[in-house]
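Enquirer: One structure coming up, written as structure tokens, with questions to follow.
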Amino acid sequence: MKNNRIGLKLGFVIITVFLIVLVFLGFTIDRLFTSFYIDRMRTENEELGSHFAVMAQSDSTSGEMMKTFAEFSNVSIFNVNANSEVILHSGTHDSSDRKIIRSSDLERIFAGKKVNFLYTEPSGIRYFVSGQPIYVKDVAASALYVMSSTEKMEQSLLAVRNLLILSGIGAFLLALGITWIIAQYLSRPLLKMQQATRKIAAGDLETRLDINSNDEMGSLAHAINDLAVDLQRYRDTRQEFFANISHELRTPITYLEGYSQVLQQELYETVEEKNKYLGIIHDEALRLQHLVEDLFDLSKMEEGKINLELDWVNMSDLTQQAVRKVELKAREKSLSLKYKENGMMKKIRGDKKRMEQIILNLLENAVRYTEKGEINVSLSYTSSAFLLVVEDSGIGIPKDEIPYIFERFYRVEKSRSRQYGGTGLGLSIVKKLVELQGGQITVTSEVDKGTRFEIQFYQQP
């Protein structure tokens, strides 16, 4: 429990709530029992007063009989006339203590009403007092006070309170044990998550949580596992990117350095050889420029700083123009490049330059990863949208890698990345540009059968 602060806090909250409920429940039960005993004793005392009043009004009942009945009933009685003089007294209560006889009560009694009140004598003993009129020929002739001690009632209430306290202590101890178990049970997954996240933060990305409950704890554990997987994949992708980008930068830089030295030292023999070296330097410079531009564009898009020049774009002309630009590369690999169009052409709102960049990236990607077969490009127009499809018969993408192909620096053919070229930025740029212009891109693929990219833009009114 030393490091289980969440368990302590959780247990403290639960036991505090339980304690509040327990105290409130105990207080309520005590009030219920107290009210019950008081009401019952007041009723019994009033009924006894009625019996004594009937006896006093009977001609056959003597004072001695009333005294005997009072002693048997364990009560004290006072029979008082209109002048507050005691005619008859019986019981354990001191007859000299006549504070119960109040003029206001006598007035009410002689007016034909009953009075009930609780009286505490100087010694601290409490009594229920019931006052009733005694009639002689339908006229209130005297007042009868009946006093019942609350001692037995208070003893019964004390026993009930002791029982409630003992029960409350037992319930509290039981709740304390159950709370400790619950707090441990509920906090254990959180402690595991804390340890796992610390390991992940320290770089141990292979850490996984084995919590399979079907609740929020299980969902949080799965989220942490997914985070670890994503971080691990990001780390691996980043390392691979650094390796790839180092190679992509080192190769043209090596060419530029080597052939510039050849030209500087005039180690060529003919003008044709000199021009060949200059052409290589130019190509490698363009390669570096293209790589830097891709990185710069992607960085601006991720920061939301790229500016789009929106205008009405003829996608039919733009797509056919892009197809013509890659025809030569496709012909060099003996690939069949086909284009078709469905529906009535409608212009869409977009950035012409970026739209062309999207189409060219997809077409160049298709040519790069297709060794034989064909590449089909189609445009379909509907009343509310248009669909661009680029489909090839290339190497395809494994099913488990499809969710990651739009991530930056990610390349499927890692083992043959040098052969196919690229830095893994093309598809990431495509996705960003499509989403920035309000479109959606999806991909389906099958290994050794080909890949199909679909881009959909909705028509704006």
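The way I read the labels, and the way they are meant: chains A, B, ... in the order of the structure tokens, residue 1 as the first residue of every chain, and ligand 1 as the first ligand shown, with later ones counted on from there.
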Need to verify the contact set: segment 268-279 of chain A, 10 Å, only C-alpha atoms, exclusion of same-chain residues closer than 4 positions in sequence. Can you return it as a short mmCIF file (atom, residue, chain, number, x, y, z; two decimals) with N, CA and C atoms, in the first residue's frame?

Expert:
```
data_model
loop_
_atom_site.label_atom_id
_atom_site.label_comp_id
_atom_site.auth_asym_id
_atom_site.auth_seq_id
_atom_site.Cartn_x
_atom_site.Cartn_y
_atom_site.Cartn_z
N TYR A 255 27.87 11.97 -56.10
CA TYR A 255 28.00 12.21 -57.55
C TYR A 255 28.43 13.65 -57.84
N LEU A 256 27.78 14.60 -57.16
CA LEU A 256 28.11 16.00 -57.39
C LEU A 256 29.56 16.29 -57.04
N GLY A 258 32.07 14.06 -56.80
CA GLY A 258 33.01 13.31 -57.64
C GLY A 258 33.13 13.89 -59.03
N TYR A 259 31.97 14.13 -59.69
CA TYR A 259 32.03 14.61 -61.07
C TYR A 259 32.45 16.06 -61.15
N SER A 260 32.18 16.85 -60.09
CA SER A 260 32.68 18.24 -60.11
C SER A 260 34.20 18.26 -60.01
N VAL A 262 36.13 15.85 -61.18
CA VAL A 262 36.60 15.42 -62.51
C VAL A 262 36.65 16.60 -63.46
N LEU A 263 35.58 17.42 -63.43
CA LEU A 263 35.55 18.59 -64.31
C LEU A 263 36.56 19.65 -63.89
N GLN A 264 36.69 19.83 -62.58
CA GLN A 264 37.63 20.84 -62.08
C GLN A 264 39.06 20.49 -62.44
N ASP A 283 21.28 16.20 -63.28
CA ASP A 283 20.24 15.26 -62.84
C ASP A 283 20.25 15.08 -61.32
N GLU A 284 21.44 14.96 -60.77
CA GLU A 284 21.54 14.77 -59.32
C GLU A 284 21.11 16.03 -58.56
N ALA A 285 21.40 17.20 -59.15
CA ALA A 285 20.95 18.44 -58.52
C ALA A 285 19.42 18.52 -58.52
#
```

Enquirer: Counting only C-alpha atoms, which residues of segment 185-264 of chain A sit at most 10 Å from some atom of segment 388-411 of chain A, and what is each one's closest atom pair with its distance in Å to one decimal, listed by chain and rising residue number, as JSON lines?

Expert:
```
{"residue": "A:Arg233", "atom": "CA", "partner": "A:Tyr404", "partner_atom": "CA", "distance": 9.4}
{"residue": "A:Tyr234", "atom": "CA", "partner": "A:Glu407", "partner_atom": "CA", "distance": 9.2}
{"residue": "A:Asp236", "atom": "CA", "partner": "A:Tyr410", "partner_atom": "CA", "distance": 9.8}
{"residue": "A:Thr237", "atom": "CA", "partner": "A:Tyr410", "partner_atom": "CA", "distance": 6.3}
{"residue": "A:Arg238", "atom": "CA", "partner": "A:Phe409", "partner_atom": "CA", "distance": 7.2}
{"residue": "A:Gln239", "atom": "CA", "partner": "A:Phe409", "partner_atom": "CA", "distance": 9.7}
{"residue": "A:Glu240", "atom": "CA", "partner": "A:Phe409", "partner_atom": "CA", "distance": 7.9}
{"residue": "A:Phe241", "atom": "CA", "partner": "A:Phe409", "partner_atom": "CA", "distance": 5.5}
{"residue": "A:Phe242", "atom": "CA", "partner": "A:Phe409", "partner_atom": "CA", "distance": 9.0}
{"residue": "A:Asn244", "atom": "CA", "partner": "A:Phe409", "partner_atom": "CA", "distance": 8.7}
{"residue": "A:Ile245", "atom": "CA", "partner": "A:Phe409", "partner_atom": "CA", "distance": 9.1}
```

Enquirer: What are the DSSP strand (DSSP E) residues of segment 62-289 of chain A, as JSON, numbers by chain?

Expert: {"A": [76, 77, 78, 79, 80, 86, 87, 88, 89, 90, 115, 116, 117, 118, 119, 120, 126, 127, 128, 129, 130, 131, 132, 133, 134, 135, 136, 139, 140, 141, 142, 143, 144, 145, 146, 147, 148, 149]}

Enquirer: Can you check which parts of segment 93-158 of chain A lie within 9 Å of segment 43-63 of chain A? Per residue, the shortest pair of atoms and distance in Å to one decimal, counting only C-alpha atoms, sorted by chain and number, as CSV.

Expert:
```
residue,atom,partner,partner_atom,distance
A:Lys114,CA,A:Glu46,CA,8.9
A:Asn116,CA,A:Glu46,CA,7.8
A:Phe128,CA,A:Asn45,CA,7.0
A:Val129,CA,A:Asn45,CA,7.4
A:Ser130,CA,A:Glu46,CA,5.6
A:Gly131,CA,A:Gly49,CA,7.1
A:Gln132,CA,A:Gly49,CA,6.8
A:Pro133,CA,A:Ala53,CA,7.2
A:Ile134,CA,A:Ala53,CA,5.6
A:Tyr135,CA,A:Gln57,CA,6.3
A:Val136,CA,A:Gln57,CA,6.6
A:Ala143,CA,A:Ala53,CA,8.8
A:Leu144,CA,A:Ala53,CA,6.8
A:Tyr145,CA,A:Gly49,CA,7.2
A:Val146,CA,A:Gly49,CA,5.6
A:Met147,CA,A:Asn45,CA,7.4
A:Ser148,CA,A:Asn45,CA,6.5
```

Enquirer: Restrict the selected residues to C-alpha atoms and save them as a tab-separated table (two decimals), in the first residue's frame.

Expert:
```
chain	number	residue	atom	x	y	z
A	114	LYS	CA	-57.04	17.10	27.73
A	116	ASN	CA	-50.22	16.07	27.57
A	128	PHE	CA	-45.12	11.74	30.68
A	129	VAL	CA	-48.02	13.68	32.16
A	130	SER	CA	-51.63	13.36	31.01
A	131	GLY	CA	-54.35	15.61	32.47
A	132	GLN	CA	-58.09	14.97	32.05
A	133	PRO	CA	-61.28	16.32	33.65
A	134	ILE	CA	-63.41	14.22	36.06
A	135	TYR	CA	-67.06	14.88	35.53
A	136	VAL	CA	-69.80	14.85	38.15
A	143	ALA	CA	-58.65	17.41	37.29
A	144	LEU	CA	-56.80	14.09	37.19
A	145	TYR	CA	-53.07	14.00	36.40
A	146	VAL	CA	-51.44	10.68	35.53
A	147	MET	CA	-47.60	10.56	35.53
A	148	SER	CA	-45.62	7.73	33.90
```

Enquirer: List every residue of segment 66-246 of chain A that DSSP, applied to the backbone of this structure, places in helix (DSSP H, G or I), and write the result as an NGL selection string.

Expert: :A and (66-73 or 103-110 or 151-201 or 216-246)

Enquirer: Which distance in Å separates atom CA of Ser380 of chain A and atom CA of Glu332 of chain A, to one decimal?

Expert: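 These atoms are spaced 28.5 Å apart.
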
Enquirer: Pick out the residues sitting within 12 Å of segment 17-25 of chain A, and hand them over as a PDB file with N, CA and C atoms, in the first residue's frame; count only C-alpha atoms, and ignore anything fewer than 6 positions along from it in its own chain.

Expert:
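And here is the file that came out, selection-v1.pdb:
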```
ATOM      1  N   LEU A  10      -8.883   6.181  -3.311  1.00  0.00           N
ATOM      2  CA  LEU A  10     -10.144   5.533  -3.666  1.00  0.00           C
ATOM      3  C   LEU A  10     -10.789   4.917  -2.437  1.00  0.00           C
ATOM      4  N   GLY A  11      -9.985   4.234  -1.613  1.00  0.00           N
ATOM      5  CA  GLY A  11     -10.516   3.642  -0.387  1.00  0.00           C
ATOM      6  C   GLY A  11     -11.036   4.691   0.572  1.00  0.00           C
ATOM      7  N   ARG A  31     -33.936   8.036  15.571  1.00  0.00           N
ATOM      8  CA  ARG A  31     -35.087   8.939  15.627  1.00  0.00           C
ATOM      9  C   ARG A  31     -36.403   8.175  15.473  1.00  0.00           C
ATOM     10  N   LEU A  32     -36.374   7.155  14.571  1.00  0.00           N
ATOM     11  CA  LEU A  32     -37.595   6.364  14.368  1.00  0.00           C
ATOM     12  C   LEU A  32     -37.981   5.623  15.644  1.00  0.00           C
ATOM     13  N   LEU A 164     -27.345  -0.345  17.934  1.00  0.00           N
ATOM     14  CA  LEU A 164     -27.027   0.373  16.692  1.00  0.00           C
ATOM     15  C   LEU A 164     -25.545   0.702  16.601  1.00  0.00           C
ATOM     16  N   ILE A 165     -24.960   1.119  17.736  1.00  0.00           N
ATOM     17  CA  ILE A 165     -23.529   1.457  17.737  1.00  0.00           C
ATOM     18  C   ILE A 165     -22.682   0.227  17.444  1.00  0.00           C
ATOM     19  N   SER A 167     -23.658  -2.504  15.925  1.00  0.00           N
ATOM     20  CA  SER A 167     -23.893  -2.896  14.531  1.00  0.00           C
ATOM     21  C   SER A 167     -23.144  -1.965  13.584  1.00  0.00           C
ATOM     22  N   GLY A 168     -23.143  -0.658  13.904  1.00  0.00           N
ATOM     23  CA  GLY A 168     -22.437   0.295  13.060  1.00  0.00           C
ATOM     24  C   GLY A 168     -20.941   0.049  13.043  1.00  0.00           C
ATOM     25  N   ILE A 169     -20.379  -0.252  14.241  1.00  0.00           N
ATOM     26  CA  ILE A 169     -18.938  -0.552  14.304  1.00  0.00           C
ATOM     27  C   ILE A 169     -18.621  -1.808  13.493  1.00  0.00           C
ATOM     28  N   GLY A 170     -19.475  -2.836  13.653  1.00  0.00           N
ATOM     29  CA  GLY A 170     -19.259  -4.063  12.883  1.00  0.00           C
ATOM     30  C   GLY A 170     -19.373  -3.815  11.391  1.00  0.00           C
ATOM     31  N   ALA A 171     -20.415  -3.039  11.007  1.00  0.00           N
ATOM     32  CA  ALA A 171     -20.591  -2.732   9.588  1.00  0.00           C
ATOM     33  C   ALA A 171     -19.427  -1.901   9.053  1.00  0.00           C
ATOM     34  N   PHE A 172     -18.929  -0.970   9.886  1.00  0.00           N
ATOM     35  CA  PHE A 172     -17.802  -0.132   9.458  1.00  0.00           C
ATOM     36  C   PHE A 172     -16.543  -0.970   9.245  1.00  0.00           C
ATOM     37  N   LEU A 173     -16.278  -1.880  10.190  1.00  0.00           N
ATOM     38  CA  LEU A 173     -15.096  -2.743  10.045  1.00  0.00           C
ATOM     39  C   LEU A 173     -15.224  -3.644   8.822  1.00  0.00           C
ATOM     40  N   LEU A 174     -16.438  -4.178   8.618  1.00  0.00           N
ATOM     41  CA  LEU A 174     -16.665  -5.009   7.437  1.00  0.00           C
ATOM     42  C   LEU A 174     -16.490  -4.193   6.164  1.00  0.00           C
ATOM     43  N   ALA A 175     -17.057  -2.973   6.182  1.00  0.00           N
ATOM     44  CA  ALA A 175     -16.922  -2.100   5.010  1.00  0.00           C
ATOM     45  C   ALA A 175     -15.473  -1.707   4.779  1.00  0.00           C
ATOM     46  N   LEU A 176     -14.723  -1.523   5.876  1.00  0.00           N
ATOM     47  CA  LEU A 176     -13.311  -1.177   5.747  1.00  0.00           C
ATOM     48  C   LEU A 176     -12.545  -2.279   5.024  1.00  0.00           C
ATOM     49  N   ILE A 178     -13.890  -4.651   3.041  1.00  0.00           N
ATOM     50  CA  ILE A 178     -14.369  -4.753   1.655  1.00  0.00           C
ATOM     51  C   ILE A 178     -13.820  -3.604   0.814  1.00  0.00           C
ATOM     52  N   THR A 179     -13.783  -2.405   1.408  1.00  0.00           N
ATOM     53  CA  THR A 179     -13.258  -1.244   0.687  1.00  0.00           C
ATOM     54  C   THR A 179     -11.795  -1.437   0.330  1.00  0.00           C
TER      55      THR A 179
END
```

Enquirer: Please provide the set of residues having any atom within 7 Å of Tyr458 of chain A, restricted to only C-alpha atoms, with same-chain residues fewer than 4 positions apart removed, written as a count of residues only.

Expert: 3

Enquirer: List the spatial neighbours of Ser96 of chain A as a list in words - criterion: any atom at most 12 Å away, only C-alpha atoms, same-chain residues fewer than 6 positions off excluded.

Expert: Phe78, Glu85, Val86, His89, Ser90 and Glu121 of chain A

Enquirer: Which residues are near segment 360-373 of chain A? Cut-off 9 Å, only C-alpha atoms, ignore same chain within fewer than 6 positions. Put them as a list of chain:residue names.

Expert: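 Those residues are A:Thr319, A:Ala322, A:Val323, A:Lys325, A:Val326, A:Lys329, A:Ala330, A:Lys333, A:Ser334, A:Leu335, A:Ser336, A:Val390, A:Glu391, A:Asp392, A:Ser393, A:Gly394, A:Ile395, A:Gly396, A:Tyr420, A:Gly421, A:Gly422, A:Gly426, A:Leu427, A:Ile429, A:Val430, A:Gly450, A:Thr451, A:Phe453.
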
Enquirer: So that I have them on file, write out the residues from the current selection with C-alpha atoms, as a short mmCIF file (atom, residue, chain, number, x, y, z; two decimals), in the first residue's frame.

Expert:
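Dumped to part_12.cif:
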```cif
data_model
loop_
_atom_site.label_atom_id
_atom_site.label_comp_id
_atom_site.auth_asym_id
_atom_site.auth_seq_id
_atom_site.Cartn_x
_atom_site.Cartn_y
_atom_site.Cartn_z
CA THR A 319 -5.76 14.16 -65.74
CA ALA A 322 -0.71 14.04 -66.25
CA VAL A 323 -1.17 10.76 -68.14
CA LYS A 325 3.64 13.17 -68.76
CA VAL A 326 4.18 9.62 -67.48
CA LYS A 329 8.18 6.14 -68.27
CA ALA A 330 5.40 3.60 -68.76
CA LYS A 333 8.79 -0.51 -68.88
CA SER A 334 6.43 -1.80 -71.60
CA LEU A 335 3.39 -0.95 -69.50
CA SER A 336 -0.06 -0.30 -70.97
CA VAL A 390 -5.68 4.92 -60.50
CA GLU A 391 -5.33 1.14 -60.68
CA ASP A 392 -2.22 -0.89 -61.46
CA SER A 393 -1.20 -4.55 -61.71
CA GLY A 394 1.98 -4.13 -59.69
CA ILE A 395 3.48 -5.78 -56.62
CA GLY A 396 0.57 -4.81 -54.36
CA TYR A 420 12.19 1.38 -56.56
CA GLY A 421 13.49 4.71 -55.29
CA GLY A 422 11.49 7.35 -53.48
CA GLY A 426 4.67 10.80 -52.02
CA LEU A 427 1.54 9.16 -50.63
CA ILE A 429 1.74 14.37 -49.55
CA VAL A 430 -1.15 13.06 -51.68
CA GLY A 450 -2.07 -4.73 -57.90
CA THR A 451 -3.32 -1.64 -56.08
CA PHE A 453 -6.43 4.23 -55.34
#
```

Enquirer: Identify which of the residues A:Ile15, A:Ile224, A:Met301, A:Gln194 lies closest to Arg208 of chain A, counting only C-alpha atoms when measuring atom-to-atom distances.

Expert: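 Smallest distance to Arg208 of chain A is found for A:Ile224.
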
Enquirer: Select, from A:Ser219, A:Met41, A:Ala183, A:Pro189, the residue with the minimum atom-to-atom distance to Ser149 of chain A, counting only C-alpha atoms.

Expert: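 Closest to Ser149 of chain A, using only C-alpha atoms: A:Met41.
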
Enquirer: Which of these, A:Phe110, A:Leu433, A:Arg126, A:Glu64, has the shortest distance to His93 of chain A once you count only C-alpha atoms?

Expert: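 Among A:Phe110, A:Leu433, A:Arg126, A:Glu64, it is A:Arg126 that comes nearest to His93 of chain A.
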
Enquirer: Tell me, as a VMD selection string, which residues lie within 12 Å of Gln195 of chain A, counting only C-alpha atoms; anything in the same chain fewer than 6 positions away does not count.

Expert: chain A and resid 3 to 4 188 to 189 201 to 202 204 207 to 209 221 224

Enquirer: What would the file look like if the residues just selected were written as a PDB file, in the first residue's frame with C-alpha atoms?

Expert:
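Below you can see selection30.pdb, which holds the result:
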```pdb
ATOM      1  CA  ASN A   3       3.089   3.288  -3.366  1.00  0.00           C
ATOM      2  CA  ASN A   4      -0.590   2.687  -3.987  1.00  0.00           C
ATOM      3  CA  ARG A 188      -4.193  -2.559  -9.547  1.00  0.00           C
ATOM      4  CA  PRO A 189      -4.847  -1.990 -13.293  1.00  0.00           C
ATOM      5  CA  ALA A 201       8.356   6.940 -21.746  1.00  0.00           C
ATOM      6  CA  ALA A 202      11.802   5.495 -20.936  1.00  0.00           C
ATOM      7  CA  ASP A 204      10.852   0.390 -23.720  1.00  0.00           C
ATOM      8  CA  THR A 207       5.896  -2.995 -23.166  1.00  0.00           C
ATOM      9  CA  ARG A 208       2.323  -4.308 -23.351  1.00  0.00           C
ATOM     10  CA  LEU A 209      -0.550  -4.431 -20.844  1.00  0.00           C
ATOM     11  CA  ALA A 221      -5.251  -0.481 -21.516  1.00  0.00           C
ATOM     12  CA  ILE A 224      -1.968   2.402 -24.163  1.00  0.00           C
TER      13      ILE A 224
END
```

Enquirer: Restricting the calculation to only C-alpha atoms, which member of A:Ile125, A:Val447, A:Val377, A:Ile29 is positioned closest to Val160 of chain A?

Expert: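 Closest candidate: A:Ile29.
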
Enquirer: Atom CA of Met355 of chain A and atom CA of Ser246 of chain A are how many Å apart?

Expert: 29.7 Å

Enquirer: Please indicate the distance in Å from atom CA of Arg349 of chain A to atom CA of Gly439 of chain A, rounded to one decimal place.

Expert: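 Computing it gives 10.9 Å between the two atoms.
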
Enquirer: Between A:Arg354, A:Leu379, A:Glu309, A:Gly438, which one has atoms that come closest to Lys338 of chain A, using only C-alpha atoms?

Expert: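 The answer is A:Leu379, which sits nearest to Lys338 of chain A.
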